[in-house]
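Below: one structure, written as structure tokens.
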Amino acid sequence: MQNTSLGTAPGQTHLPQTGVTRPLGTTGSVLPELAEAPARERKWWRHPAFIVSIALTFVALAGAVAWFVISALNDDSVAVSGLSLSVDGGNAHLDWSGPDAAYSVYAVHGDGESTDLTQWVTGTEAWLPAALGIYENDTCFVVRPTATSGDVSLDASTLGSQRAQSACVADAAS
């Protein structure tokens with residue numbers, strides 16, 4: 001067997017020989033033996049499945065709350081129907097039909113000015129005492145769902161779009 005000298009050609013780095021020759025073969029492993037790592041159990045709250053389920057629960061609850069809020073604010077099923085106005089002893093009584101919801105009552109005077117009378121609403125009726133002077137013979141009342149926004153008007157198309165109705169004191173049965 002002939003020894004080959006490494007690094008002796010021109011332009012190559014010289015590699016000195018130490019005299020100790022390592023035989024080729026599988027006498028030892030080049031990688032160290034790894035000791036078996038002890039298995040660590042995850043805490044139940046750090047398990048990925050638990051974390052994902054908690055995150056999805058929060059997303060579902062947030063979606064449900066948002067849906068309830070939006071549906072409550074945009075409930076198209078709330079509409080005023082069958083509005084009647086009677087004036088008895090000078091006191092006006094407004095009565096209407098509709099689901100159990102919040103309603104607003106406005107007095108629209110002859111000059112077009114409107115006054116909010118929502119504080120007098122109880123369920124689907126409102127009693128307006130004459131002693132307060134909040135209405136006259138040229139006053140009309142508009143009843144609409146509280147969630148409705150926009151200007152108060154006696155125009156039929158506006159009342160229809162707001163799911164509202166109106167009644168005038170001049171037309172009321174005494």
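Residue numbering restarts at 1 in every chain; chains get A, B, ... in the order shown in the structure tokens, and ligands count up from 1 in that same order.
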Name the residues of chain A that come out as strand (DSSP E) in a backbone DSSP run; write them as a PDB file with C-alpha atoms, in the first residue's frame.
```pdb
ATOM      1  CA  SER A  81    -100.264  49.826  13.089  1.00  0.00           C
ATOM      2  CA  GLY A  82    -103.798  50.772  14.012  1.00  0.00           C
ATOM      3  CA  LEU A  83    -102.947  54.164  15.553  1.00  0.00           C
ATOM      4  CA  SER A  84    -105.957  55.821  17.139  1.00  0.00           C
ATOM      5  CA  LEU A  85    -106.229  59.165  18.895  1.00  0.00           C
ATOM      6  CA  SER A  86    -109.036  60.164  21.224  1.00  0.00           C
ATOM      7  CA  VAL A  87    -109.403  63.373  23.177  1.00  0.00           C
ATOM      8  CA  ASP A  88    -111.370  62.877  26.396  1.00  0.00           C
ATOM      9  CA  ASN A  91    -106.527  64.764  27.562  1.00  0.00           C
ATOM     10  CA  ALA A  92    -105.218  63.035  24.446  1.00  0.00           C
ATOM     11  CA  HIS A  93    -104.915  59.262  24.385  1.00  0.00           C
ATOM     12  CA  LEU A  94    -102.818  57.611  21.668  1.00  0.00           C
ATOM     13  CA  ASP A  95    -103.200  53.869  21.243  1.00  0.00           C
ATOM     14  CA  TRP A  96    -101.588  51.628  18.609  1.00  0.00           C
ATOM     15  CA  SER A  97    -100.747  48.019  17.816  1.00  0.00           C
ATOM     16  CA  TYR A 103     -91.716  53.508  20.517  1.00  0.00           C
ATOM     17  CA  SER A 104     -91.308  57.265  20.154  1.00  0.00           C
ATOM     18  CA  VAL A 105     -94.107  59.819  19.989  1.00  0.00           C
ATOM     19  CA  TYR A 106     -93.656  63.240  18.407  1.00  0.00           C
ATOM     20  CA  ALA A 107     -96.067  66.180  18.302  1.00  0.00           C
ATOM     21  CA  VAL A 108     -95.896  68.035  14.997  1.00  0.00           C
ATOM     22  CA  SER A 114     -91.849  68.816  16.249  1.00  0.00           C
ATOM     23  CA  THR A 115     -91.644  68.017  19.947  1.00  0.00           C
ATOM     24  CA  ASP A 116     -90.451  64.704  21.385  1.00  0.00           C
ATOM     25  CA  VAL A 121     -95.172  56.358  26.184  1.00  0.00           C
ATOM     26  CA  THR A 122     -96.215  53.299  28.175  1.00  0.00           C
ATOM     27  CA  GLU A 125    -100.147  53.825  24.361  1.00  0.00           C
ATOM     28  CA  ALA A 126     -99.497  57.359  25.508  1.00  0.00           C
ATOM     29  CA  TRP A 127    -101.621  59.668  27.681  1.00  0.00           C
ATOM     30  CA  LEU A 128    -100.971  63.355  27.056  1.00  0.00           C
ATOM     31  CA  CYS A 140    -100.638  65.919  14.706  1.00  0.00           C
ATOM     32  CA  PHE A 141     -98.859  63.044  16.460  1.00  0.00           C
ATOM     33  CA  VAL A 142     -96.323  60.699  14.840  1.00  0.00           C
ATOM     34  CA  VAL A 143     -95.672  57.335  16.449  1.00  0.00           C
ATOM     35  CA  ARG A 144     -92.678  55.303  15.219  1.00  0.00           C
ATOM     36  CA  PRO A 145     -90.216  52.700  16.532  1.00  0.00           C
ATOM     37  CA  GLN A 165     -98.243  56.311  11.600  1.00  0.00           C
ATOM     38  CA  SER A 166     -99.756  59.685  12.364  1.00  0.00           C
ATOM     39  CA  ALA A 167    -103.001  61.002  13.837  1.00  0.00           C
ATOM     40  CA  CYS A 168    -104.211  64.588  14.095  1.00  0.00           C
TER      41      CYS A 168
END
```
Coordinates-based distance that separates CA of Ala79 (chain A) from CA of Arg163 (chain A) (Å, one decimal):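 Interatomic distance, CA of Arg163 (chain A) to CA of Ala79 (chain A): 4.8 Å.
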Exercise: Val169 (chain A) partners within 6 Å, only C-alpha atoms, chain neighbours under 3 positions left out, as an MDAnalysis selection string: chainID A and resid 137 139:140 172
DSSP alpha helix (DSSP H) selection over region 26-108 of chain A, as an MDAnalysis selection string: chainID A and resid 48:73
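Of note, CA of Trp120 (chain A) and CA of Gly133 (chain A) are spaced 13.7 Å apart.
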Atom pair CA of Leu56 (chain A) / CA of Phe68 (chain A): separation (Å):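 If I compute the distance from CA of Leu56 (chain A) to CA of Phe68 (chain A), I get 18.3 Å.
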Given only C-alpha atoms as the counted atoms, nearest of A:Glu136, A:Val65, A:Ile51, A:Thr146 to Gln119 (chain A):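 Residue with the minimum atom-to-atom distance to Gln119 (chain A): A:Thr146.
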Distance criterion (only C-alpha atoms): nearest to Thr118 (chain A) out of A:Ala131, A:Ile70, A:Leu159, A:Ala102: A:Ala102
